[in-house]
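Trainee: Handing you this structure, nothing more for now.
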Amino acid sequence: MQLTDKHREYWSKNLRLTAVLLAIWFVVTFVVIWFAKELNEIVIAGFPFAFYMGAQGALIIYVIVIWFYANKMNQMDKDYGVHEGED
Amino acid sequence: MATAATSNKAFFNQLKKYYGFYTGGFIAFVIVLAILEQMGMPPKWIGYIFLAATIGLYAGIGIMSKTADVSEYYVAGRRVPALFNGMATGADWMSAASFIGMAGTLYLTGYDGLAFVMGWTGGYVLVALFLAPYLRKFGQFTIPDFLGARYGGNLPRTLGVLAAIICSFVYVVAQIYGVGLITSRFTGLEFQVGVFVGLAGILVCSFLGGMRAVTWTQVAQYIILIIAYMIPVVWLSVKHTGNPVPQIAYGSVLQQVTQLEKDLNNPATDKGALEAKARAAHKEKQTELEAKIKALDDAVAAGNGDAFVAEVRAAAADPSKIPATAAALKADWKKAADGHKARTGAVPAHATAFAGAGAEKKLLTANPDASAEEIAKAKAEDKKASDTKRLNFITLVLCLMVGTASLPHILMRYYTTPSVREARKSVFWSLFFIFLLYFTAPALAVLVKFEVYNSLVGSSFAALPAWVSNWSAVDATLMRIADISGDGIVQLAEITIGGDLIVLATPEIAGLPYVISGMVAAGGLAAALSTADGLLLTMANALSHDVYYKMIDPNASTVRRITISKTLLLVVALCAAYVTSLKPGDILFLVGAAFSLAASAFFPALVLGVFWKRANYLGAVIGMTAGLAVCMYYMYITYPFFGGVPANEWFGIKPISAGIFGMPAGFLGVIIGSLLSPAPSKEIQELVDHVRYPSLEGDIDTKAA
């Protein structure tokens with residue numbers, strides 16, 4: 001089994017995607033919590049912002065992040081020819 | 001391949017049809033029961049019918065899926081479509097604590113309770129990015145399998161088995177406890193009997209068909225639990241806001257709750273004035289009790305404690321209710337005094353994050369002309385309290401998230417999908433189905449709070465709503481209400497609500513018939529049973545597959561492996577039920593501890609195993625040992641149950657978040673241990689490449705038959 005440059009490119013692209021999505025996860029979770037008191041001053045539709053993020057906003061973003069990763073990677077598998085047989 | 005794809009597709013359509021019928025059947029069943037209730041069937045019967053019907057149903061699925069095939073038994077034949085694996089993971093994941101406890105925690109603690117909502121969902125991002133697809137490509141049966149293959153040798157595998165059993169056992173005790181509680185409450189059976197009835201329901205399914213039976217039962221359980229959770233909340237939302245989407249509608253309700261909190265805390269308003277009176281009454285009782293405690297202490301110091309206790313008992317209307325020793329009497333009084341003390345303070349605001357200690361406010365009430373220096377000091381005290389709360393919130397969220405991505409019974413589920421593609425999609429469906437419940441819980445908490453603050457507070461003791469009198473009659477730990485200020489009107493300070501009440505009583509608060517209460521109980525039961533099933537299977541598999549088959553007798557026949565596994569399942573289940581029937585202390589702490597332990601033991605070795613080729617045997621051994629050891633040591637020195645004291649806390653971090661120290665220890669251990677010893681062999685490096693790419697030409701094959 002010999003890895004080609006194309007394989008290495010696939011892996012580094014995967015790492016980059018993982019890093020970007022992880023950064024989003026970090027910001028909507030930990031940065032928002034850190035500034036929760038300040039962010040709660042902003043009220044949208046009755047919801048203080050940090051409260052809303054903790055109760056629902058962050059959750060919605062987590063779902064989207066995972067959905068995006070699954071789609072992107074499944075497409076990338078095909079582009080780089082490392083996909084499994086059709087299912 | 002084309003035939004496999006077609007048969008997968010056909011299988012998926014067949015499943016959709018079955019579960020479609022099933023859902024319809026369940027709804028029809030509830031409607032029939034509702035009609036019977038209108039015709040006069042007693043509520044107790046409804047409880048029995050729900051219990052019998054749902055457990056019977058799970059048993060039926062278990063029997064239909066019975067299997068003697070190794071791959072079917074351990075990983076459901078690896079053909080569970082992403083959507084259904086998502087539902088099964090959802091049920092596996094959501095325990096009694098999520099279903100019954102979550103909304104209650106949010107009701108009681110407001111923003112600070114959101115750590116659980118974020119922690120128990122955000123962890124799936126880590127599962128998706130770091131573990132699920134790679135474990136699926138590796139494609140064996142258990143998590144210790146991966147550690148064993150990746151790091152070589154039996155030691156990493158053994159450490160994996162040990163850690164898997166520690167965290168799963170702690171967790172399963174909490175589930176069986178929940179099962180016992182629900183069965184006993186809704187059918188009137190004894191707690192211990194309830195535990196064993198529930199256990200029968202758990203076993204009949206995992207025992208017969210292993211992972212295959214558990215998977216298809218969990219899908220059925222998910223459908224029941226989500227319907228049971230949603231209907232009462234939607235109803236309550238329509239009742240209060242006219243909007244059937246509670247997750248959107250509760251914003252306006254939250255504003256009203258915030259306004260009510262302000263009114264209650266302001267003695268200048270009507271509500272606030274009555275509330276202040278109730279608080280003053282509590283203060284009076286507290287002072288009274290403290291004086292009694294002082295008298296008792298004096299009597300004990302003078303050597304006539306027993307005479308004092310005897311006197312108190314003689315004066316009481318019912319002496320059998322008064323403890324016979326001075327120490328017990330003091331503890332009783334102290335508890336009562338603390339209970340009153342807790343009710344003398346202001347109502348905390350629901351959405352406020354990390355409230356301080358209230359030192360500044362206290363100072364200004366006591367001494368309005370406090371000097372600038374005193375105010376600055378009080379402010380600093382408040383800031384310190386608030387910062388410690390924030391630090392604990394952040395560390396708890398991180399421990400719960402990483403713990404999610406390390407619990408073997410969840411990771412194991414991603415071995416069951418047909419491909420890496422499906423595994424990735426399946427994490428999405430898992431979180432989606434979990435999300436449906438978790439993003440509803442905060443709405444439910446606020447809606448119930450509004451009902452209590454708006455309708456219950458200010459009503460008359462002579463005409464309490466039915467749900468209040470019912471629940472306070474059934475269980476005083478869940479609902480206690482007493483006219484402390486003696487004015488015949490209910491004040492917030494006169495109500496004590498236990499967290500578990502919120503979900504269980506919502507149908508009654510919303511004015512729904514009893515059949516919906518029965519359905520909610522069935523939902524809670526489904527949540528507890530499904531999680532217990534997954535956990536028991538994880539432990540039995542770790543012992544039978546990793547210890548027996550891989551280490552003791554690699555030549556064991558298929559029949560023998562499955563027989564051993566089933567026997568161990570029974571043994572583990574009975575041990576867990578026995579421990580549960582002893583009613584061990586703080587369940588919530590134990591659940592949290594399971595996450596911290598899993599995060600410290602597994603996460604570093606698993607993630608570095610995929611992302612760092614240089615990680616090797618010595619690193620894994622040192623990392624897993626160090627992670628577990630540091631985490632357990634921290635709990636040992638800080639948690640009172642083990643004889644620890646809070647004064648030992650580092651940076652004021654609570655023992656539940658011990659993983660925050662265990663995780664770095666684990667990562668450092670893997671890195672240092674690996675760099676100190678030679679790089680892993682070529683075969684192992686090839687294994688890493690193998691898990692990184694869904695398909696490679698000339699690829700090795702690690703799939704277990």
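Chain labels run A, B, ... following the order of the structure tokens; each chain numbers its residues from 1, and ligands are numbered from 1 in the order shown.
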Enumerate, as number ranges by chain, the complete set of residues in chain A that a backbone-based DSSP assignment places in alpha helix (DSSP H).

Mentor: A: 5-26, 32-34, 36-39, 49-52, 58-79

Trainee: Write out as number ranges by chain each polymer residue whose atoms come within 9 Å of Trp25 of chain A, counting only C-alpha atoms; drop sequence neighbours fewer than 5 positions from it.

Mentor: A: 20, 30, 58, 61-62, 65; B: 122, 125

Trainee: For chain B, which residues have at least one atom within 7 Å of chain A, if we go by only C-alpha atoms? Write them as JSON, numbers by chain, please.

Mentor: {"B": [1, 5, 111, 114, 117, 118, 121, 122, 125, 128, 129, 251, 252, 254, 255, 351, 353, 394, 421, 424, 425, 428, 431, 432, 435, 439, 442, 693, 694, 695, 696, 697, 698, 699]}

Trainee: Just write the chosen residues, C-alpha atoms, as an mmCIF file, in the first residue's frame.

Mentor:
data_model
loop_
_atom_site.group_PDB
_atom_site.id
_atom_site.type_symbol
_atom_site.label_atom_id
_atom_site.label_comp_id
_atom_site.auth_asym_id
_atom_site.auth_seq_id
_atom_site.Cartn_x
_atom_site.Cartn_y
_atom_site.Cartn_z
ATOM 1 C CA MET B 1 -21.687 -4.410 -4.861
ATOM 2 C CA ALA B 5 -26.682 -1.698 -2.568
ATOM 3 C CA TYR B 111 -28.749 29.568 32.771
ATOM 4 C CA LEU B 114 -27.466 24.891 30.365
ATOM 5 C CA VAL B 117 -27.720 20.940 27.421
ATOM 6 C CA MET B 118 -24.572 22.112 25.623
ATOM 7 C CA THR B 121 -25.040 17.720 22.490
ATOM 8 C CA GLY B 122 -21.754 19.405 21.514
ATOM 9 C CA VAL B 125 -19.217 17.309 17.001
ATOM 10 C CA ALA B 128 -18.205 13.202 14.063
ATOM 11 C CA LEU B 129 -14.861 14.903 13.469
ATOM 12 C CA GLY B 251 -39.134 33.935 24.129
ATOM 13 C CA SER B 252 -42.161 36.074 24.995
ATOM 14 C CA LEU B 254 -39.321 34.307 29.203
ATOM 15 C CA GLN B 255 -39.786 38.078 29.130
ATOM 16 C CA ALA B 351 -31.597 33.856 32.163
ATOM 17 C CA ALA B 353 -25.430 33.903 33.815
ATOM 18 C CA ILE B 394 -16.820 25.824 31.181
ATOM 19 C CA ARG B 421 -20.314 7.206 4.473
ATOM 20 C CA ARG B 424 -20.754 10.064 9.017
ATOM 21 C CA LYS B 425 -24.399 10.611 8.121
ATOM 22 C CA PHE B 428 -25.745 13.768 11.993
ATOM 23 C CA LEU B 431 -27.471 14.497 17.071
ATOM 24 C CA PHE B 432 -30.568 15.594 15.178
ATOM 25 C CA PHE B 435 -31.398 17.745 19.585
ATOM 26 C CA PHE B 439 -33.753 22.091 22.532
ATOM 27 C CA PRO B 442 -35.328 24.861 28.020
ATOM 28 C CA TYR B 693 -9.066 6.539 4.022
ATOM 29 C CA PRO B 694 -12.505 4.994 3.471
ATOM 30 C CA SER B 695 -11.039 2.947 0.644
ATOM 31 C CA LEU B 696 -7.475 2.413 -0.582
ATOM 32 C CA GLU B 697 -6.030 0.285 -3.341
ATOM 33 C CA GLY B 698 -4.123 -2.716 -1.999
ATOM 34 C CA ASP B 699 -5.614 -1.908 1.396
#

Trainee: Report, in Å with one decimal, the straight-line distance from atom CA of Gly56 of chain B to atom CA of Trp429 of chain B.

Mentor: 27.5 Å

Trainee: Quick one: residues within 6 Å of Gly356 of chain B, only C-alpha atoms counted, chain neighbours fewer than 3 positions away excluded, as a list in words?

Mentor: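 Near neighbours after the sequence-gap exclusion: Asp382, Ala385 and Ser386 of chain B.
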
Trainee: Export C-alpha atoms of the chosen residues as a PDB file, in the first residue's frame?

Mentor:
ATOM      1  CA  ASP B 382     -19.113  39.020  43.917  1.00  0.00           C
ATOM      2  CA  ALA B 385     -17.935  34.041  43.042  1.00  0.00           C
ATOM      3  CA  SER B 386     -19.125  34.751  39.515  1.00  0.00           C
TER       4      SER B 386
END

Trainee: Which distance in Å separates atom CA of Ala331 of chain B and atom CA of Met635 of chain B, to one decimal?

Mentor: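 One can read the atom CA of Ala331 of chain B to atom CA of Met635 of chain B distance as 25.9 Å.
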
Trainee: Closest to His340 of chain B among B:His282, B:Lys292, B:His409, B:Lys361, using only C-alpha atoms?

Mentor: B:His282

Trainee: Could you tell me, as a list in words, which residues of segment 480-681 of chain B DSSP assigns to strand (DSSP E) when given the backbone?

Mentor: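 Put together, the selection reads Arg480, Ile481, Ile495, Thr496 and Ile497 of chain B.
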